[in-house]
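data-v1.txt follows (compact mmCIF, C-alpha atoms):
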```txt
# COMPACT_ATOMS: atom_id res chain seq x y z
CA MET A 15 119.85 -124.02 -231.80
CA LYS A 16 121.72 -121.02 -230.51
CA ALA A 17 123.59 -121.16 -227.21
CA LYS A 18 124.73 -118.03 -225.47
CA VAL A 19 127.43 -118.43 -222.85
CA HIS A 20 128.49 -115.78 -220.38
CA VAL A 21 131.83 -116.32 -218.67
CA THR A 22 132.57 -114.14 -215.65
CA LEU A 23 135.21 -114.05 -212.97
CA LYS A 24 134.18 -115.63 -209.67
CA GLU A 25 133.38 -113.38 -206.75
CA GLY A 26 136.55 -112.76 -204.78
CA VAL A 27 138.80 -113.02 -207.82
CA LEU A 28 140.41 -109.65 -208.49
CA ASP A 29 139.35 -108.16 -211.82
CA PRO A 30 141.90 -105.44 -212.66
CA GLN A 31 140.31 -104.82 -216.06
CA GLY A 32 136.93 -104.21 -214.46
CA LYS A 33 138.61 -101.79 -212.06
CA ALA A 34 140.28 -99.92 -214.92
CA ILE A 35 136.93 -99.64 -216.72
CA ARG A 36 135.31 -98.26 -213.58
CA HIS A 37 138.04 -95.60 -213.28
CA ALA A 38 137.66 -94.65 -216.93
CA LEU A 39 133.88 -94.32 -216.50
CA GLY A 40 134.52 -92.04 -213.54
CA ASP A 41 136.87 -89.92 -215.67
CA LEU A 42 134.09 -89.56 -218.25
CA GLY A 43 131.77 -88.22 -215.59
CA PHE A 44 129.75 -91.38 -215.01
CA ASP A 45 129.59 -91.14 -211.25
CA GLY A 46 127.93 -93.67 -209.03
CA VAL A 47 129.40 -96.80 -210.61
CA ASP A 48 130.53 -98.78 -207.58
CA LYS A 49 131.85 -101.83 -209.28
CA VAL A 50 132.53 -103.18 -212.78
CA ARG A 51 133.12 -106.85 -213.52
CA GLN A 52 134.24 -107.72 -217.00
CA GLY A 53 133.61 -111.05 -218.72
CA LYS A 54 133.20 -112.83 -222.03
CA PHE A 55 130.21 -113.56 -224.21
CA ILE A 56 130.37 -116.59 -226.51
CA GLU A 57 127.62 -117.44 -229.02
CA LEU A 58 127.41 -120.93 -230.49
CA ASP A 59 125.24 -122.34 -233.26
CA ILE A 60 124.77 -126.00 -232.47
CA ALA A 61 123.15 -128.82 -234.43
CA GLU A 62 121.45 -130.43 -231.42
CA THR A 63 117.70 -129.70 -231.38
CA ASP A 64 116.77 -131.25 -228.03
CA LYS A 65 117.04 -128.57 -225.37
CA ASP A 66 118.16 -130.82 -222.51
CA ALA A 67 120.76 -132.55 -224.66
CA ALA A 68 121.99 -129.17 -225.92
CA ALA A 69 122.24 -127.83 -222.37
CA ALA A 70 124.26 -130.85 -221.31
CA GLN A 71 126.54 -130.51 -224.34
CA VAL A 72 127.23 -126.81 -223.77
CA GLU A 73 127.76 -127.39 -220.06
CA ASP A 74 130.43 -129.95 -220.98
CA MET A 75 132.02 -127.42 -223.38
CA CYS A 76 132.15 -124.84 -220.59
CA LYS A 77 133.83 -127.23 -218.19
CA LYS A 78 136.34 -128.50 -220.73
CA LEU A 79 137.25 -125.33 -222.58
CA LEU A 80 135.07 -122.22 -222.57
CA ALA A 81 135.60 -121.38 -218.90
CA ASN A 82 138.45 -121.98 -216.48
CA THR A 83 136.46 -123.03 -213.44
CA VAL A 84 139.38 -122.26 -211.11
CA ILE A 85 138.66 -118.56 -211.62
CA GLU A 86 135.50 -118.29 -213.73
CA ASN A 87 131.78 -118.97 -213.55
CA TYR A 88 129.63 -119.54 -216.60
CA SER A 89 125.94 -119.32 -217.46
CA ILE A 90 124.16 -120.76 -220.48
CA GLU A 91 121.07 -119.55 -222.36
CA LEU A 92 119.52 -121.58 -225.16
CA GLU A 93 117.28 -120.21 -227.91
CA MET B 19 169.60 -136.71 -220.66
CA LYS B 20 166.97 -137.15 -223.34
CA SER B 21 164.63 -134.24 -223.65
CA ALA B 22 161.85 -132.77 -225.76
CA VAL B 23 160.60 -129.23 -226.30
CA ILE B 24 156.96 -128.89 -227.31
CA VAL B 25 156.29 -126.31 -230.03
CA PHE B 26 152.87 -124.69 -230.52
CA PRO B 27 151.83 -122.18 -233.17
CA GLY B 28 152.84 -118.94 -231.46
CA SER B 29 155.56 -120.36 -229.21
CA ASN B 30 158.52 -117.99 -229.33
CA CYS B 31 160.91 -119.21 -226.62
CA ASP B 32 161.22 -122.74 -227.95
CA ARG B 33 164.64 -122.10 -229.50
CA ASP B 34 165.93 -120.35 -226.37
CA LEU B 35 164.84 -123.32 -224.31
CA ALA B 36 166.39 -125.79 -226.77
CA VAL B 37 169.70 -123.88 -226.79
CA ALA B 38 169.77 -123.78 -222.98
CA ILE B 39 169.06 -127.51 -222.72
CA GLU B 40 171.71 -128.40 -225.30
CA LYS B 41 174.39 -126.15 -223.78
CA ILE B 42 173.83 -127.38 -220.25
CA THR B 43 173.05 -131.06 -220.78
CA GLY B 44 175.18 -131.61 -223.87
CA THR B 45 172.32 -133.11 -225.86
CA ALA B 46 169.92 -131.29 -228.15
CA PRO B 47 166.24 -131.86 -227.37
CA THR B 48 163.76 -133.30 -229.83
CA MET B 49 161.43 -130.57 -231.03
CA VAL B 50 157.85 -131.87 -230.93
CA TRP B 51 155.03 -130.23 -232.89
CA HIS B 52 151.70 -129.63 -231.15
CA GLY B 53 149.82 -131.92 -233.54
CA ASP B 54 151.97 -134.98 -232.74
CA ARG B 55 150.23 -137.62 -230.67
CA ASP B 56 153.40 -139.41 -229.68
CA PHE B 57 157.13 -138.70 -229.47
CA ALA B 58 160.39 -140.36 -228.46
CA ASP B 59 160.96 -141.53 -224.89
CA VAL B 60 162.49 -138.65 -222.94
CA ASP B 61 163.43 -137.84 -219.33
CA PHE B 62 162.54 -134.17 -219.53
CA ILE B 63 159.84 -132.21 -221.37
CA GLY B 64 160.04 -128.44 -221.76
CA ILE B 65 156.93 -126.35 -222.50
CA PRO B 66 158.24 -123.02 -223.81
CA GLY B 67 157.11 -119.45 -223.46
CA GLY B 68 155.32 -117.47 -226.13
CA PHE B 69 151.77 -116.84 -227.21
CA SER B 70 150.45 -120.24 -228.20
CA TYR B 71 147.39 -119.84 -230.44
CA GLY B 72 147.63 -116.09 -229.96
CA ASP B 73 146.46 -116.42 -226.34
CA TYR B 74 142.93 -116.82 -227.76
CA LEU B 75 140.19 -117.48 -225.20
CA ARG B 76 142.70 -117.57 -222.29
CA SER B 77 146.49 -117.83 -222.26
CA GLY B 78 147.32 -121.49 -222.78
CA ALA B 79 143.68 -122.59 -223.09
CA ILE B 80 143.79 -123.80 -226.69
CA ALA B 81 147.28 -125.32 -226.45
CA THR B 82 146.10 -127.46 -223.56
CA ARG B 83 143.58 -129.19 -225.82
CA SER B 84 146.09 -129.94 -228.60
CA PRO B 85 146.91 -133.61 -229.32
CA VAL B 86 150.44 -133.49 -227.91
CA MET B 87 149.27 -132.31 -224.48
CA ALA B 88 147.34 -135.53 -223.86
CA GLU B 89 150.62 -137.38 -224.23
CA VAL B 90 152.46 -134.84 -222.03
CA GLY B 91 149.79 -135.49 -219.38
CA ARG B 92 150.38 -139.24 -219.58
CA ARG B 93 154.16 -138.78 -219.32
CA ALA B 94 153.75 -136.41 -216.36
CA ALA B 95 151.56 -138.98 -214.60
CA ALA B 96 154.30 -141.56 -215.21
CA GLY B 97 156.85 -139.32 -213.48
CA VAL B 98 158.68 -137.71 -216.41
CA LYS B 99 160.06 -134.28 -215.46
CA VAL B 100 157.98 -131.53 -217.05
CA PHE B 101 159.04 -127.89 -216.99
CA GLY B 102 156.77 -125.09 -218.18
CA VAL B 103 158.07 -121.57 -218.45
CA CYS B 104 155.83 -118.51 -218.86
CA ASN B 105 153.21 -119.55 -221.44
CA GLY B 106 154.31 -123.09 -220.54
CA PHE B 107 153.26 -122.43 -216.92
CA GLN B 108 149.91 -121.09 -218.15
CA ILE B 109 149.47 -124.24 -220.26
CA LEU B 110 150.29 -126.54 -217.33
CA THR B 111 147.70 -124.85 -215.09
CA GLU B 112 145.08 -124.90 -217.86
CA ALA B 113 145.84 -128.61 -218.32
CA GLY B 114 145.29 -129.24 -214.62
CA LEU B 115 148.86 -130.55 -214.25
CA LEU B 116 149.49 -127.70 -211.80
CA PRO B 117 146.92 -126.07 -209.48
CA GLY B 118 145.67 -122.49 -209.82
CA ALA B 119 145.52 -120.12 -212.77
CA LEU B 120 147.50 -117.25 -214.28
CA MET B 121 145.45 -114.08 -214.68
CA ARG B 122 146.02 -110.66 -216.22
CA ASN B 123 148.76 -108.73 -214.36
CA ALA B 124 147.21 -106.61 -211.60
CA GLY B 125 148.78 -103.48 -213.14
CA LEU B 126 147.36 -104.49 -216.56
CA LYS B 127 150.72 -103.86 -218.24
CA PHE B 128 153.03 -106.27 -220.01
CA ILE B 129 156.13 -106.57 -217.80
CA CYS B 130 159.52 -107.24 -219.38
CA LYS B 131 162.50 -106.88 -217.05
CA ASP B 132 164.92 -108.69 -214.75
CA LEU B 133 163.46 -109.50 -211.34
CA TYR B 134 164.72 -111.12 -208.18
CA LEU B 135 163.41 -114.46 -207.05
CA LYS B 136 163.78 -116.26 -203.77
CA VAL B 137 164.41 -119.98 -204.04
CA GLU B 138 161.88 -121.23 -201.51
CA THR B 139 163.19 -124.77 -201.39
CA ASN B 140 166.07 -126.67 -202.91
CA LYS B 141 164.36 -129.96 -202.19
CA THR B 142 162.86 -130.27 -205.65
CA ALA B 143 164.04 -131.97 -208.82
CA PHE B 144 164.40 -128.53 -210.40
CA THR B 145 166.08 -126.51 -207.63
CA ASN B 146 168.54 -128.85 -205.88
CA ALA B 147 171.57 -126.99 -207.30
CA TYR B 148 170.42 -123.79 -205.58
CA THR B 149 170.47 -122.99 -201.86
CA THR B 150 167.17 -122.59 -200.02
CA ASP B 151 166.42 -118.85 -199.52
CA GLU B 152 168.99 -117.91 -202.16
CA VAL B 153 168.15 -114.77 -204.17
CA ILE B 154 168.58 -115.09 -207.94
CA ARG B 155 168.01 -112.71 -210.82
CA ILE B 156 165.88 -113.92 -213.73
CA PRO B 157 163.93 -111.98 -216.39
CA VAL B 158 160.17 -111.98 -216.78
CA ALA B 159 158.21 -111.09 -219.92
CA HIS B 160 154.49 -111.56 -219.50
CA HIS B 161 151.04 -110.00 -219.48
CA ASP B 162 149.23 -112.81 -217.67
CA GLY B 163 151.47 -113.77 -214.76
CA ASN B 164 149.20 -113.02 -211.84
CA TYR B 165 149.07 -116.34 -210.01
CA PHE B 166 145.73 -117.12 -208.43
CA ALA B 167 144.54 -120.06 -206.35
CA ASP B 168 142.04 -120.22 -203.51
CA ASP B 169 143.34 -120.08 -199.94
CA ALA B 170 142.98 -123.81 -199.32
CA THR B 171 145.06 -124.55 -202.41
CA LEU B 172 147.68 -121.97 -201.43
CA ASP B 173 147.91 -123.39 -197.92
CA ALA B 174 148.35 -126.89 -199.34
CA LEU B 175 151.07 -125.68 -201.71
CA GLU B 176 152.96 -124.13 -198.80
CA ALA B 177 152.48 -127.10 -196.50
CA ASN B 178 153.75 -129.53 -199.14
CA GLY B 179 156.77 -127.43 -200.09
CA GLN B 180 155.41 -126.93 -203.60
CA VAL B 181 156.22 -123.22 -203.80
CA ALA B 182 159.56 -123.20 -205.63
CA PHE B 183 160.09 -119.48 -206.29
CA ARG B 184 158.68 -116.20 -204.97
CA TYR B 185 159.19 -112.65 -206.24
CA CYS B 186 161.39 -110.67 -203.87
CA ASP B 187 163.69 -107.64 -203.83
CA ARG B 188 167.47 -107.87 -204.18
CA ASN B 189 167.79 -108.47 -200.44
CA GLY B 190 165.31 -111.31 -200.45
CA ASN B 191 162.36 -109.44 -198.94
CA VAL B 192 159.11 -110.98 -200.13
CA ASP B 193 156.55 -108.17 -199.94
CA ASP B 194 153.98 -106.26 -202.00
CA ALA B 195 156.61 -103.84 -203.30
CA ALA B 196 158.49 -106.78 -204.84
CA ASN B 197 155.36 -108.31 -206.35
CA PRO B 198 155.34 -107.35 -210.05
CA ASN B 199 151.98 -108.72 -211.11
CA GLY B 200 149.69 -109.25 -208.13
CA SER B 201 150.45 -112.95 -207.69
CA GLN B 202 149.00 -114.47 -204.54
CA ARG B 203 151.71 -114.71 -201.87
CA ASN B 204 154.29 -113.48 -204.44
CA ILE B 205 154.32 -116.90 -206.07
CA ALA B 206 156.49 -117.08 -209.20
CA GLY B 207 156.80 -120.85 -209.60
CA ILE B 208 155.28 -124.04 -208.19
CA THR B 209 155.61 -127.79 -208.52
CA ASN B 210 152.88 -130.42 -208.51
CA ALA B 211 152.39 -132.59 -205.42
CA ALA B 212 154.53 -135.39 -206.87
CA GLY B 213 157.34 -132.91 -207.54
CA ASN B 214 157.99 -133.85 -211.16
CA VAL B 215 156.21 -130.89 -212.78
CA LEU B 216 157.42 -127.29 -212.37
CA GLY B 217 155.81 -124.17 -213.79
CA MET B 218 157.22 -120.66 -213.45
CA MET B 219 156.60 -117.28 -215.07
CA PRO B 220 160.25 -116.06 -215.12
CA HIS B 221 162.62 -117.26 -217.87
CA PRO B 222 165.67 -119.15 -216.52
CA GLU B 223 166.55 -120.20 -220.07
CA ARG B 224 167.35 -116.54 -220.81
CA MET B 225 169.97 -116.38 -218.02
CA ILE B 226 172.31 -119.25 -218.71
CA GLU B 227 175.60 -117.44 -219.33
CA ARG B 228 177.29 -114.17 -218.54
CA ALA B 229 176.96 -112.96 -222.14
CA LEU B 230 173.19 -112.94 -221.62
CA GLY B 231 173.48 -110.75 -218.52
CA GLY B 232 173.73 -113.50 -215.93
CA ASP B 233 173.77 -117.23 -215.38
CA ASP B 234 171.39 -117.68 -212.45
CA GLY B 235 169.05 -119.76 -214.62
CA ARG B 236 171.68 -122.35 -215.41
CA ARG B 237 171.37 -124.28 -212.16
CA LEU B 238 167.72 -125.04 -212.80
CA PHE B 239 168.75 -127.25 -215.71
CA GLU B 240 171.74 -128.58 -213.74
CA SER B 241 169.33 -129.53 -210.96
CA VAL B 242 167.34 -131.67 -213.38
CA LEU B 243 170.57 -133.30 -214.55
CA ASN B 244 171.53 -134.04 -210.92
CA THR B 245 168.10 -135.52 -210.28
CA LEU B 246 168.22 -137.79 -213.30
CA GLU B 247 171.80 -138.91 -212.64
CA THR B 248 171.11 -139.89 -209.06
CA ALA B 249 167.75 -141.53 -209.86
```
If you convert what's in this file into C-alpha cells, what do you get?
Amino acid sequence: MKAKVHVTLKEGVLDPQGKAIRHALGDLGFDGVDKVRQGKFIELDIAETDKDAAAAQVEDMCKKLLANTVIENYSIELE
Amino acid sequence: MKSAVIVFPGSNCDRDLAVAIEKITGTAPTMVWHGDRDFADVDFIGIPGGFSYGDYLRSGAIATRSPVMAEVGRRAAAGVKVFGVCNGFQILTEAGLLPGALMRNAGLKFICKDLYLKVETNKTAFTNAYTTDEVIRIPVAHHDGNYFADDATLDALEANGQVAFRYCDRNGNVDDAANPNGSQRNIAGITNAAGNVLGMMPHPERMIERALGGDDGRRLFESVLNTLETA
C-alpha cells in the first residue's frame, strides 16, 4: 500500500520560506497570490494491506518522526 | 567532574566542546558514538553543534531517534546535567527534553557572527557564575535558530525562570533590532522545568579564552562545576 503524507506548518507559525516564495512569484509577475505556505510531501510504500491498520501505523510514524507536532500538522492519504 | 560528549554523524563542534570541557574542568570527556546504547556514569552530558544526519527531515530529527538518545533521556530524567548547544539544542527540543522548536531563521540566511546575550537568570545550574542581567558576547552559527513555542509555553517558561539567555544589543536592550533570527521573545537559551537540561543556539564553547576572541563562555562550564561541587 502507498501512503502519502503532507506535512505543513500550523496556522499562526511564521513561514519565512513561504513568504520568500510569494515575493519571488510577485517578481515574476504572478500577481494576486496573497499567501504561500510551504510544506513537505513524503511517500511511503508499506507492507500492511489492511487500510485501518495502515492508517494507524502511518499516524504513529507522523507523531514519532515525520512531523514535529509542536509546529507542524500532517495529513495522510492511503492508496 | 565526569562528562560525556555525544557524537553523531555530521556533528562538527564535538571537539570544540570536548576541548572546552577538558580545559575548564581538568578532565577530558568520554566521547560517545550515536549508536551506543549505554555509556559510563557521568555528571554532565554535552550534545554538540553541527549538522547531525545532514539536518535531514528537520534539524535534529533523526539524531533524536538514535539509540544513544534514549539513554540520554533516561539520564536527564534522573537529574544528570545535559547541555545542548546549537544542533544540540535542536536535538533536545526534538527529543521533547526541552519545550518548543527551532525553525528556519526568519531572514532565511545562515548567521555566523558574535552576538550579545543577556543572562536572564543566574539561578540555574548552568549560569550561576554569571550575574543576572549581565551582557555577554558569544558567537552564533546557525540556519535554524528561530525559537518557537506557543504563548502558553512561553508564559510558563518565563514564570518558571526557564529562560536562561536572550539576544540583546551591547547595552543589554532586548528588542527586535537585536533579534537575529526571529526567535519568540528573543529567546536564545532555555532550561527544562527541573533545571538540569539547558539548550542554547549560541556557542559558549567557542569563547573560552582570550585567544579565541573572548572568554565569556567559560563561566557556563564553571557554573556546572560549581553546581556539582556544592551538590
Pull out every residue of chain B sitting within 8 Å of chain A, counting all atoms listed in the file, and send them as a PyMOL selection string.
chain B and resi 75+79-80+112+118-119+122-126+166-167
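Among the candidates A:Leu58, A:Ile90, A:Ile35, A:Asp48, the residue lying nearest to A:Ala70 is A:Ile90 (atoms considered: only C-alpha atoms).
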Near B:Asp34, within 12 Å and counting all atoms listed in the file, which residues show up once chain neighbours fewer than 6 positions away are dropped, as a list in words?
Val23, Val25, Glu40, Lys41, Ala46, Pro47, Gly64, Ile65, Pro66, Gly67, Gly68, Val103, His221, Pro222, Glu223, Arg224, Met225, Ile226 and Leu230 of chain B
Mind checking which residues fall within 12 Å of stretch 63-67 of chain A, counting all atoms listed in the file, ignoring those fewer than 5 positions away in the same chain, and posting them as JSON, numbers by chain?
{"A": [15, 16, 17, 72, 73, 74, 90, 91, 92, 93]}
Name the residues within 6 Å of (156.7, -120.4, -218.0), counting only C-alpha atoms in the file's coordinates, and put them as number ranges by chain.
B: 67, 102-107, 217-219
Atom CA of B:Ser241 to atom CA of B:Asn214: how many Å, to one decimal?
12.1 Å
